[in-house]
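Asks: One file is attached below, target05.txt, containing compact mmCIF, N, CA and C atoms.
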# COMPACT_ATOMS: atom_id res chain seq x y z
N GLN A 1 -8.83 -19.64 -29.77
CA GLN A 1 -9.32 -18.71 -28.77
C GLN A 1 -8.46 -18.85 -27.51
N VAL A 2 -7.99 -17.72 -27.00
CA VAL A 2 -7.13 -17.76 -25.82
C VAL A 2 -7.93 -18.26 -24.63
N GLN A 3 -7.25 -19.01 -23.78
CA GLN A 3 -7.87 -19.54 -22.58
C GLN A 3 -6.99 -19.24 -21.38
N VAL A 4 -7.59 -19.34 -20.22
CA VAL A 4 -6.84 -19.24 -18.96
C VAL A 4 -6.60 -20.66 -18.49
N VAL A 5 -5.33 -20.98 -18.26
CA VAL A 5 -4.94 -22.35 -17.90
C VAL A 5 -4.52 -22.37 -16.44
N GLU A 6 -5.14 -23.26 -15.71
CA GLU A 6 -4.93 -23.37 -14.28
C GLU A 6 -4.15 -24.64 -13.96
N SER A 7 -3.30 -24.58 -12.95
CA SER A 7 -2.55 -25.76 -12.53
C SER A 7 -2.38 -25.75 -11.02
N GLY A 8 -2.04 -26.92 -10.50
CA GLY A 8 -1.89 -27.08 -9.06
C GLY A 8 -3.04 -27.88 -8.50
N GLY A 9 -3.22 -27.80 -7.22
CA GLY A 9 -4.28 -28.55 -6.56
C GLY A 9 -3.80 -29.93 -6.15
N GLY A 10 -4.69 -30.66 -5.49
CA GLY A 10 -4.37 -32.00 -5.06
C GLY A 10 -4.84 -32.26 -3.65
N LEU A 11 -4.28 -33.30 -3.07
CA LEU A 11 -4.63 -33.72 -1.72
C LEU A 11 -3.55 -33.26 -0.74
N VAL A 12 -3.97 -32.66 0.35
CA VAL A 12 -3.04 -32.18 1.35
C VAL A 12 -3.62 -32.43 2.73
N GLN A 13 -2.75 -32.65 3.68
CA GLN A 13 -3.20 -32.86 5.06
C GLN A 13 -3.54 -31.53 5.71
N PRO A 14 -4.40 -31.54 6.71
CA PRO A 14 -4.70 -30.31 7.45
C PRO A 14 -3.42 -29.67 7.96
N GLY A 15 -3.36 -28.34 7.81
CA GLY A 15 -2.16 -27.62 8.18
C GLY A 15 -1.14 -27.48 7.07
N GLY A 16 -1.37 -28.18 5.98
CA GLY A 16 -0.44 -28.13 4.86
C GLY A 16 -0.65 -26.93 3.96
N SER A 17 0.13 -26.89 2.90
CA SER A 17 0.10 -25.76 1.96
C SER A 17 0.00 -26.27 0.53
N LEU A 18 -0.58 -25.43 -0.32
CA LEU A 18 -0.65 -25.68 -1.75
C LEU A 18 -0.56 -24.35 -2.47
N ARG A 19 -0.09 -24.41 -3.72
CA ARG A 19 -0.08 -23.23 -4.55
C ARG A 19 -0.73 -23.54 -5.89
N LEU A 20 -1.67 -22.70 -6.26
CA LEU A 20 -2.32 -22.78 -7.56
C LEU A 20 -1.75 -21.70 -8.48
N SER A 21 -1.74 -22.00 -9.76
CA SER A 21 -1.21 -21.06 -10.75
C SER A 21 -2.19 -20.89 -11.90
N CYS A 22 -2.16 -19.73 -12.51
CA CYS A 22 -2.95 -19.47 -13.71
C CYS A 22 -2.13 -18.65 -14.68
N THR A 23 -2.30 -18.95 -15.95
CA THR A 23 -1.66 -18.18 -17.00
C THR A 23 -2.53 -18.26 -18.25
N SER A 24 -2.15 -17.55 -19.28
CA SER A 24 -2.92 -17.62 -20.52
C SER A 24 -2.34 -18.71 -21.41
N SER A 25 -3.19 -19.28 -22.26
CA SER A 25 -2.76 -20.34 -23.17
C SER A 25 -1.83 -19.80 -24.26
N GLU A 26 -1.91 -18.51 -24.52
CA GLU A 26 -1.04 -17.86 -25.49
C GLU A 26 -0.13 -16.88 -24.75
N PRO A 27 1.17 -17.17 -24.66
CA PRO A 27 2.06 -16.34 -23.85
C PRO A 27 2.04 -14.86 -24.19
N ARG A 28 1.78 -14.53 -25.45
CA ARG A 28 1.81 -13.12 -25.84
C ARG A 28 0.55 -12.37 -25.38
N PHE A 29 -0.45 -13.10 -24.93
CA PHE A 29 -1.69 -12.45 -24.45
C PHE A 29 -1.58 -12.24 -22.95
N VAL A 30 -1.31 -11.03 -22.55
CA VAL A 30 -1.06 -10.69 -21.16
C VAL A 30 -2.37 -10.64 -20.38
N ILE A 31 -2.37 -11.25 -19.22
CA ILE A 31 -3.53 -11.21 -18.33
C ILE A 31 -3.44 -9.96 -17.47
N ASP A 32 -4.54 -9.25 -17.38
CA ASP A 32 -4.57 -7.96 -16.70
C ASP A 32 -5.39 -8.06 -15.43
N GLY A 33 -4.79 -8.63 -14.38
CA GLY A 33 -5.50 -8.79 -13.12
C GLY A 33 -6.16 -10.15 -13.02
N MET A 34 -6.38 -10.62 -11.80
CA MET A 34 -6.92 -11.96 -11.61
C MET A 34 -7.68 -12.04 -10.30
N ALA A 35 -8.76 -12.79 -10.33
CA ALA A 35 -9.51 -13.10 -9.11
C ALA A 35 -9.51 -14.61 -8.92
N TRP A 36 -9.60 -15.01 -7.68
CA TRP A 36 -9.67 -16.44 -7.34
C TRP A 36 -10.98 -16.71 -6.60
N TYR A 37 -11.61 -17.82 -6.98
CA TYR A 37 -12.87 -18.26 -6.39
C TYR A 37 -12.72 -19.72 -5.97
N ARG A 38 -13.68 -20.15 -5.17
CA ARG A 38 -13.75 -21.57 -4.86
C ARG A 38 -15.22 -21.97 -4.73
N GLN A 39 -15.45 -23.25 -4.96
CA GLN A 39 -16.80 -23.78 -4.82
C GLN A 39 -16.72 -25.14 -4.15
N ALA A 40 -17.29 -25.20 -2.96
CA ALA A 40 -17.34 -26.45 -2.21
C ALA A 40 -18.59 -27.22 -2.60
N PRO A 41 -18.59 -28.53 -2.40
CA PRO A 41 -19.77 -29.33 -2.77
C PRO A 41 -21.03 -28.82 -2.10
N GLY A 42 -22.07 -28.60 -2.89
CA GLY A 42 -23.35 -28.15 -2.36
C GLY A 42 -23.41 -26.69 -1.98
N LYS A 43 -22.34 -25.95 -2.28
CA LYS A 43 -22.32 -24.53 -1.93
C LYS A 43 -22.12 -23.68 -3.18
N GLU A 44 -22.42 -22.40 -3.03
CA GLU A 44 -22.22 -21.48 -4.13
C GLU A 44 -20.74 -21.10 -4.26
N ARG A 45 -20.39 -20.69 -5.46
CA ARG A 45 -19.03 -20.23 -5.68
C ARG A 45 -18.81 -18.95 -4.88
N GLU A 46 -17.64 -18.85 -4.22
CA GLU A 46 -17.36 -17.67 -3.41
C GLU A 46 -16.01 -17.07 -3.80
N LEU A 47 -15.94 -15.76 -3.67
CA LEU A 47 -14.72 -15.05 -4.00
C LEU A 47 -13.71 -15.17 -2.87
N ILE A 48 -12.49 -15.52 -3.22
CA ILE A 48 -11.40 -15.59 -2.24
C ILE A 48 -10.67 -14.25 -2.17
N GLY A 49 -10.38 -13.70 -3.32
CA GLY A 49 -9.67 -12.44 -3.39
C GLY A 49 -9.25 -12.13 -4.80
N SER A 50 -8.53 -11.04 -4.96
CA SER A 50 -8.13 -10.61 -6.30
C SER A 50 -6.85 -9.79 -6.23
N ILE A 51 -6.25 -9.66 -7.40
CA ILE A 51 -5.08 -8.80 -7.56
C ILE A 51 -5.30 -7.97 -8.81
N SER A 52 -5.05 -6.67 -8.70
CA SER A 52 -5.30 -5.78 -9.83
C SER A 52 -4.11 -5.75 -10.78
N HIS A 53 -4.28 -5.05 -11.88
CA HIS A 53 -3.22 -4.96 -12.88
C HIS A 53 -1.97 -4.30 -12.32
N ASP A 54 -2.15 -3.47 -11.28
CA ASP A 54 -0.98 -2.80 -10.70
C ASP A 54 -0.58 -3.41 -9.36
N GLY A 55 -1.09 -4.60 -9.07
CA GLY A 55 -0.58 -5.36 -7.93
C GLY A 55 -1.32 -5.22 -6.62
N TRP A 56 -2.39 -4.45 -6.59
CA TRP A 56 -3.17 -4.31 -5.36
C TRP A 56 -3.97 -5.59 -5.13
N THR A 57 -3.97 -6.04 -3.87
CA THR A 57 -4.69 -7.25 -3.53
C THR A 57 -5.82 -6.95 -2.55
N ASP A 58 -6.80 -7.81 -2.60
CA ASP A 58 -7.96 -7.67 -1.72
C ASP A 58 -8.45 -9.08 -1.43
N TYR A 59 -8.87 -9.33 -0.18
CA TYR A 59 -9.25 -10.68 0.23
C TYR A 59 -10.58 -10.70 0.94
N ALA A 60 -11.25 -11.84 0.84
CA ALA A 60 -12.46 -12.06 1.61
C ALA A 60 -12.10 -12.24 3.09
N ALA A 61 -13.04 -11.96 3.94
CA ALA A 61 -12.78 -12.00 5.38
C ALA A 61 -12.37 -13.40 5.85
N PHE A 62 -12.90 -14.43 5.22
CA PHE A 62 -12.62 -15.78 5.73
C PHE A 62 -11.17 -16.21 5.48
N VAL A 63 -10.44 -15.49 4.63
CA VAL A 63 -9.06 -15.86 4.34
C VAL A 63 -8.19 -15.76 5.59
N GLN A 64 -8.40 -14.71 6.35
CA GLN A 64 -7.73 -14.53 7.65
C GLN A 64 -6.22 -14.72 7.57
N GLY A 65 -5.62 -14.22 6.51
CA GLY A 65 -4.17 -14.26 6.39
C GLY A 65 -3.61 -15.59 5.96
N ARG A 66 -4.43 -16.60 5.71
CA ARG A 66 -3.91 -17.91 5.35
C ARG A 66 -3.60 -18.01 3.85
N PHE A 67 -4.28 -17.23 3.04
CA PHE A 67 -4.09 -17.28 1.59
C PHE A 67 -3.46 -15.97 1.12
N SER A 68 -2.68 -16.07 0.06
CA SER A 68 -2.14 -14.86 -0.55
C SER A 68 -2.14 -14.99 -2.07
N ILE A 69 -2.42 -13.89 -2.73
CA ILE A 69 -2.46 -13.83 -4.18
C ILE A 69 -1.29 -12.99 -4.67
N SER A 70 -0.62 -13.49 -5.67
CA SER A 70 0.53 -12.76 -6.20
C SER A 70 0.62 -12.97 -7.70
N ARG A 71 1.57 -12.31 -8.31
CA ARG A 71 1.76 -12.45 -9.75
C ARG A 71 3.23 -12.33 -10.09
N ASP A 72 3.59 -12.92 -11.20
CA ASP A 72 4.92 -12.74 -11.79
C ASP A 72 4.66 -12.18 -13.19
N SER A 73 4.75 -10.87 -13.31
CA SER A 73 4.40 -10.22 -14.57
C SER A 73 5.29 -10.68 -15.71
N ALA A 74 6.55 -10.92 -15.40
CA ALA A 74 7.48 -11.35 -16.45
C ALA A 74 7.05 -12.68 -17.06
N LYS A 75 6.44 -13.52 -16.25
CA LYS A 75 6.00 -14.84 -16.72
C LYS A 75 4.53 -14.88 -17.06
N ASN A 76 3.82 -13.76 -16.82
CA ASN A 76 2.38 -13.72 -17.06
C ASN A 76 1.68 -14.80 -16.24
N MET A 77 2.15 -14.96 -15.00
CA MET A 77 1.62 -15.98 -14.10
C MET A 77 0.97 -15.34 -12.88
N TYR A 78 -0.10 -15.94 -12.44
CA TYR A 78 -0.78 -15.53 -11.22
C TYR A 78 -0.86 -16.73 -10.29
N TYR A 79 -0.75 -16.43 -8.97
CA TYR A 79 -0.67 -17.50 -8.00
C TYR A 79 -1.65 -17.29 -6.84
N LEU A 80 -2.11 -18.42 -6.31
CA LEU A 80 -2.86 -18.44 -5.06
C LEU A 80 -2.10 -19.37 -4.13
N GLN A 81 -1.46 -18.79 -3.13
CA GLN A 81 -0.74 -19.57 -2.12
C GLN A 81 -1.67 -19.79 -0.94
N MET A 82 -1.83 -21.04 -0.57
CA MET A 82 -2.74 -21.39 0.53
C MET A 82 -1.96 -22.11 1.61
N ASN A 83 -1.99 -21.56 2.80
CA ASN A 83 -1.27 -22.12 3.94
C ASN A 83 -2.24 -22.50 5.06
N ASN A 84 -1.75 -23.34 5.94
CA ASN A 84 -2.57 -23.78 7.08
C ASN A 84 -3.96 -24.22 6.62
N LEU A 85 -3.99 -25.08 5.62
CA LEU A 85 -5.26 -25.51 5.05
C LEU A 85 -6.07 -26.33 6.04
N LYS A 86 -7.38 -26.18 5.95
CA LYS A 86 -8.32 -26.86 6.83
C LYS A 86 -9.25 -27.72 5.99
N PRO A 87 -9.86 -28.72 6.59
CA PRO A 87 -10.79 -29.56 5.82
C PRO A 87 -11.89 -28.74 5.13
N GLU A 88 -12.33 -27.67 5.76
CA GLU A 88 -13.38 -26.84 5.17
C GLU A 88 -12.91 -26.04 3.96
N ASP A 89 -11.61 -26.08 3.68
CA ASP A 89 -11.09 -25.46 2.47
C ASP A 89 -11.24 -26.37 1.25
N THR A 90 -11.67 -27.60 1.47
CA THR A 90 -11.87 -28.52 0.37
C THR A 90 -12.90 -27.96 -0.61
N ALA A 91 -12.49 -27.83 -1.87
CA ALA A 91 -13.34 -27.21 -2.88
C ALA A 91 -12.63 -27.29 -4.23
N VAL A 92 -13.35 -26.91 -5.25
CA VAL A 92 -12.74 -26.66 -6.56
C VAL A 92 -12.41 -25.18 -6.63
N TYR A 93 -11.19 -24.88 -6.96
CA TYR A 93 -10.70 -23.51 -7.00
C TYR A 93 -10.56 -23.05 -8.46
N TYR A 94 -11.00 -21.82 -8.70
CA TYR A 94 -11.00 -21.27 -10.05
C TYR A 94 -10.31 -19.91 -10.07
N CYS A 95 -9.59 -19.65 -11.14
CA CYS A 95 -9.11 -18.30 -11.39
C CYS A 95 -10.01 -17.67 -12.46
N HIS A 96 -10.09 -16.36 -12.42
CA HIS A 96 -10.95 -15.64 -13.36
C HIS A 96 -10.36 -14.28 -13.66
N THR A 97 -10.42 -13.90 -14.93
CA THR A 97 -10.06 -12.56 -15.34
C THR A 97 -11.02 -12.08 -16.41
N ASP A 98 -11.12 -10.77 -16.55
CA ASP A 98 -12.02 -10.23 -17.57
C ASP A 98 -11.25 -9.53 -18.69
N GLN A 99 -9.93 -9.73 -18.70
CA GLN A 99 -9.16 -9.11 -19.78
C GLN A 99 -7.89 -9.90 -20.03
N VAL A 100 -7.78 -10.39 -21.24
CA VAL A 100 -6.58 -11.12 -21.67
C VAL A 100 -6.13 -10.55 -23.01
N GLY A 101 -4.89 -10.11 -23.06
CA GLY A 101 -4.36 -9.56 -24.30
C GLY A 101 -5.12 -8.36 -24.79
N GLY A 102 -5.69 -7.58 -23.86
CA GLY A 102 -6.46 -6.41 -24.23
C GLY A 102 -7.88 -6.71 -24.64
N ASN A 103 -8.25 -7.97 -24.69
CA ASN A 103 -9.60 -8.38 -25.06
C ASN A 103 -10.44 -8.62 -23.82
N ARG A 104 -11.55 -7.94 -23.72
CA ARG A 104 -12.42 -8.13 -22.56
C ARG A 104 -13.30 -9.36 -22.77
N GLY A 105 -13.51 -10.07 -21.70
CA GLY A 105 -14.35 -11.27 -21.79
C GLY A 105 -14.50 -11.89 -20.42
N ASP A 106 -14.99 -13.10 -20.41
CA ASP A 106 -15.25 -13.82 -19.16
C ASP A 106 -14.37 -15.06 -19.19
N TYR A 107 -13.18 -14.94 -18.65
CA TYR A 107 -12.18 -15.99 -18.78
C TYR A 107 -12.02 -16.73 -17.44
N TRP A 108 -12.38 -18.00 -17.46
CA TRP A 108 -12.27 -18.84 -16.26
C TRP A 108 -11.23 -19.93 -16.48
N GLY A 109 -10.45 -20.21 -15.44
CA GLY A 109 -9.63 -21.39 -15.47
C GLY A 109 -10.51 -22.63 -15.41
N GLN A 110 -9.92 -23.77 -15.69
CA GLN A 110 -10.71 -25.01 -15.76
C GLN A 110 -11.06 -25.56 -14.39
N GLY A 111 -10.46 -25.00 -13.35
CA GLY A 111 -10.74 -25.46 -12.00
C GLY A 111 -9.70 -26.45 -11.51
N ALA A 112 -9.39 -26.37 -10.23
CA ALA A 112 -8.43 -27.28 -9.61
C ALA A 112 -9.02 -27.81 -8.31
N GLN A 113 -9.07 -29.11 -8.19
CA GLN A 113 -9.61 -29.72 -6.97
C GLN A 113 -8.57 -29.65 -5.86
N VAL A 114 -8.99 -29.10 -4.74
CA VAL A 114 -8.16 -29.09 -3.53
C VAL A 114 -8.90 -29.87 -2.46
N THR A 115 -8.27 -30.91 -1.96
CA THR A 115 -8.87 -31.74 -0.92
C THR A 115 -7.96 -31.72 0.29
N VAL A 116 -8.53 -31.31 1.41
CA VAL A 116 -7.77 -31.25 2.65
C VAL A 116 -8.30 -32.34 3.57
N SER A 117 -7.47 -33.34 3.80
CA SER A 117 -7.93 -34.50 4.57
C SER A 117 -6.72 -35.24 5.12
N SER A 118 -6.92 -35.83 6.29
CA SER A 118 -5.87 -36.65 6.87
C SER A 118 -6.06 -38.11 6.49
Output the file's structure in the form of C-alpha cells.

Replies:
Amino acid sequence: QVQVVESGGGLVQPGGSLRLSCTSSEPRFVIDGMAWYRQAPGKERELIGSISHDGWTDYAAFVQGRFSISRDSAKNMYYLQMNNLKPEDTAVYYCHTDQVGGNRGDYWGQGAQVTVSS
C-alpha cells in the first residue's frame, strides 16, 4: 500500500530554519497536492497551509510569511520551509494528501518532531 513518507525535523534554535519534505513511498504514484499540519503538546492539530495540484498556495494567518510550501513535480516532492522559528512553533508536523497515484484516500505522513529551543 502506498504511503506518504515524511522527512526533516529536529532541534533548532529560535530564529533558525528547517525544511520538511514529503513524497510517496512508490515513485510512480504521483501526489496531487499537499497540506501541512502541526500539533503541539496538549493542543489540537492545526492547518498550516496547502499547495494545490497546479501550484496555488494558501496559508493560515499565524504563518505571517515565515513558512512557505512548495513542490518539485519532477521529483514528486513537497516541502515546508520554516524560517525565523519560535519556541511556540515546537510541534509534530504532518503532511497530508487525499490523492496519490490517482487513488483517493486519507494519506498522512508519519510526522516530524520540530523543537525550537535555545

Asks: May I have the residues within 5 Å of A:Tyr78 as a PDB file with N, CA and C atoms, in the frame of the given file, using all atoms listed in the file and disregarding those fewer than 5 positions away in the same chain?

Replies:
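Once everything was written out, this is result_5.pdb:
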ATOM      1  N   SER A  21      -1.740 -22.000  -9.760  1.00  0.00           N
ATOM      2  CA  SER A  21      -1.210 -21.060 -10.750  1.00  0.00           C
ATOM      3  C   SER A  21      -2.190 -20.890 -11.900  1.00  0.00           C
ATOM      4  N   CYS A  22      -2.160 -19.730 -12.510  1.00  0.00           N
ATOM      5  CA  CYS A  22      -2.950 -19.470 -13.710  1.00  0.00           C
ATOM      6  C   CYS A  22      -2.130 -18.650 -14.680  1.00  0.00           C
ATOM      7  N   SER A  70      -0.620 -13.490  -5.670  1.00  0.00           N
ATOM      8  CA  SER A  70       0.530 -12.760  -6.200  1.00  0.00           C
ATOM      9  C   SER A  70       0.620 -12.970  -7.700  1.00  0.00           C
ATOM     10  N   ARG A  71       1.570 -12.310  -8.310  1.00  0.00           N
ATOM     11  CA  ARG A  71       1.760 -12.450  -9.750  1.00  0.00           C
ATOM     12  C   ARG A  71       3.230 -12.330 -10.090  1.00  0.00           C
ATOM     13  N   ASP A  72       3.590 -12.920 -11.200  1.00  0.00           N
ATOM     14  CA  ASP A  72       4.920 -12.740 -11.790  1.00  0.00           C
ATOM     15  C   ASP A  72       4.660 -12.180 -13.190  1.00  0.00           C
TER      16      ASP A  72
END

Asks: Find the residues near A:Leu47: any atom within 8 Å, counting only N, CA and C atoms, skip ones fewer than 6 places away on the same chain, and give them as a ChimeraX atom specification.

Replies: /A:35-39,59-61

Asks: Could the residues in this selection be written to a file with N, CA and C atoms, as a CSV table (one decimal), in the frame of the given file?

Replies:
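Result written to part.csv:
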chain,number,residue,atom,x,y,z
A,35,ALA,N,-8.8,-12.8,-10.3
A,35,ALA,CA,-9.5,-13.1,-9.1
A,35,ALA,C,-9.5,-14.6,-8.9
A,36,TRP,N,-9.6,-15.0,-7.7
A,36,TRP,CA,-9.7,-16.4,-7.3
A,36,TRP,C,-11.0,-16.7,-6.6
A,37,TYR,N,-11.6,-17.8,-7.0
A,37,TYR,CA,-12.9,-18.3,-6.4
A,37,TYR,C,-12.7,-19.7,-6.0
A,38,ARG,N,-13.7,-20.2,-5.2
A,38,ARG,CA,-13.8,-21.6,-4.9
A,38,ARG,C,-15.2,-22.0,-4.7
A,39,GLN,N,-15.4,-23.2,-5.0
A,39,GLN,CA,-16.8,-23.8,-4.8
A,39,GLN,C,-16.7,-25.1,-4.2
A,59,TYR,N,-8.9,-9.3,-0.2
A,59,TYR,CA,-9.2,-10.7,0.2
A,59,TYR,C,-10.6,-10.7,0.9
A,60,ALA,N,-11.2,-11.8,0.8
A,60,ALA,CA,-12.5,-12.1,1.6
A,60,ALA,C,-12.1,-12.2,3.1
A,61,ALA,N,-13.0,-12.0,3.9
A,61,ALA,CA,-12.8,-12.0,5.4
A,61,ALA,C,-12.4,-13.4,5.8

Asks: For A:Cys95, which residue among A:Gln64, A:Asn76, A:Gln81, A:Thr23 is the nearest when counting only C-alpha atoms?

Replies: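 Closest candidate: A:Thr23.
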
Asks: As a PyMOL selection string, please: the residues near stretch 6-16 of chain A (cut-off 8 Å, all atoms listed in the file, same-chain neighbours under 5 positions excluded).

Replies: chain A and resi 21-25+82-87+93-95+108-118

Asks: Rounded to one decimal place, report the atom CA of A:Gln99-atom CA of A:Ile51 distance in Å.

Replies: 12.9 Å

Asks: Just checking: using only N, CA and C atoms, which residue out of A:Val4, A:Phe67, A:Tyr79, A:Ile48 ends up closest to A:Leu20?

Replies: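 For A:Leu20, the nearest of the candidates is A:Tyr79.
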
Asks: Would you work out the distance separating atom CA of A:Gln1 from atom CA of A:Leu80, expressed in Å to one decimal?

Replies: 24.6 Å

Asks: Could you go through chain A and tell me which residues DSSP, when run on the backbone, assigns to strand (DSSP E or B), listing them as number ranges by chain?

Replies: A: 4-7, 10-12, 18-24, 31, 34-39, 46-51, 57-59, 67-72, 77-82, 91-100, 103-108, 112-116

Asks: Please rebuild stretch 81-98 of chain A with N, CA, C and O atoms and return the result as a short mmCIF file (atom, residue, chain, number, x, y, z; two decimals), keeping the file's coordinate frame.

Replies:
data_model
loop_
_atom_site.label_atom_id
_atom_site.label_comp_id
_atom_site.auth_asym_id
_atom_site.auth_seq_id
_atom_site.Cartn_x
_atom_site.Cartn_y
_atom_site.Cartn_z
N GLN A 81 -1.46 -18.79 -3.13
CA GLN A 81 -0.74 -19.57 -2.12
C GLN A 81 -1.67 -19.79 -0.94
O GLN A 81 -2.22 -18.83 -0.39
N MET A 82 -1.83 -21.04 -0.57
CA MET A 82 -2.74 -21.39 0.53
C MET A 82 -1.96 -22.11 1.61
O MET A 82 -1.32 -23.14 1.35
N ASN A 83 -1.99 -21.56 2.80
CA ASN A 83 -1.27 -22.12 3.94
C ASN A 83 -2.24 -22.50 5.06
O ASN A 83 -3.38 -22.02 5.09
N ASN A 84 -1.75 -23.34 5.94
CA ASN A 84 -2.57 -23.78 7.08
C ASN A 84 -3.96 -24.22 6.62
O ASN A 84 -4.98 -23.78 7.16
N LEU A 85 -3.99 -25.08 5.62
CA LEU A 85 -5.26 -25.51 5.05
C LEU A 85 -6.07 -26.33 6.04
O LEU A 85 -5.52 -27.08 6.87
N LYS A 86 -7.38 -26.18 5.95
CA LYS A 86 -8.32 -26.86 6.83
C LYS A 86 -9.25 -27.72 5.99
O LYS A 86 -9.45 -27.46 4.80
N PRO A 87 -9.86 -28.72 6.59
CA PRO A 87 -10.79 -29.56 5.82
C PRO A 87 -11.89 -28.74 5.13
O PRO A 87 -12.33 -29.09 4.03
N GLU A 88 -12.33 -27.67 5.76
CA GLU A 88 -13.38 -26.84 5.17
C GLU A 88 -12.91 -26.04 3.96
O GLU A 88 -13.71 -25.39 3.29
N ASP A 89 -11.61 -26.08 3.68
CA ASP A 89 -11.09 -25.46 2.47
C ASP A 89 -11.24 -26.37 1.25
O ASP A 89 -10.93 -25.96 0.13
N THR A 90 -11.67 -27.60 1.47
CA THR A 90 -11.87 -28.52 0.37
C THR A 90 -12.90 -27.96 -0.61
O THR A 90 -14.01 -27.62 -0.23
N ALA A 91 -12.49 -27.83 -1.87
CA ALA A 91 -13.34 -27.21 -2.88
C ALA A 91 -12.63 -27.29 -4.23
O ALA A 91 -11.46 -27.68 -4.31
N VAL A 92 -13.35 -26.91 -5.25
CA VAL A 92 -12.74 -26.66 -6.56
C VAL A 92 -12.41 -25.18 -6.63
O VAL A 92 -13.27 -24.34 -6.36
N TYR A 93 -11.19 -24.88 -6.96
CA TYR A 93 -10.70 -23.51 -7.00
C TYR A 93 -10.56 -23.05 -8.46
O TYR A 93 -10.06 -23.80 -9.30
N TYR A 94 -11.00 -21.82 -8.70
CA TYR A 94 -11.00 -21.27 -10.05
C TYR A 94 -10.31 -19.91 -10.07
O TYR A 94 -10.47 -19.11 -9.16
N CYS A 95 -9.59 -19.65 -11.14
CA CYS A 95 -9.11 -18.30 -11.39
C CYS A 95 -10.01 -17.67 -12.46
O CYS A 95 -10.62 -18.37 -13.27
N HIS A 96 -10.09 -16.36 -12.42
CA HIS A 96 -10.95 -15.64 -13.36
C HIS A 96 -10.36 -14.28 -13.66
O HIS A 96 -9.87 -13.57 -12.78
N THR A 97 -10.42 -13.90 -14.93
CA THR A 97 -10.06 -12.56 -15.34
C THR A 97 -11.02 -12.08 -16.41
O THR A 97 -11.66 -12.90 -17.08
N ASP A 98 -11.12 -10.77 -16.55
CA ASP A 98 -12.02 -10.23 -17.57
C ASP A 98 -11.25 -9.53 -18.69
O ASP A 98 -11.85 -8.84 -19.52
#
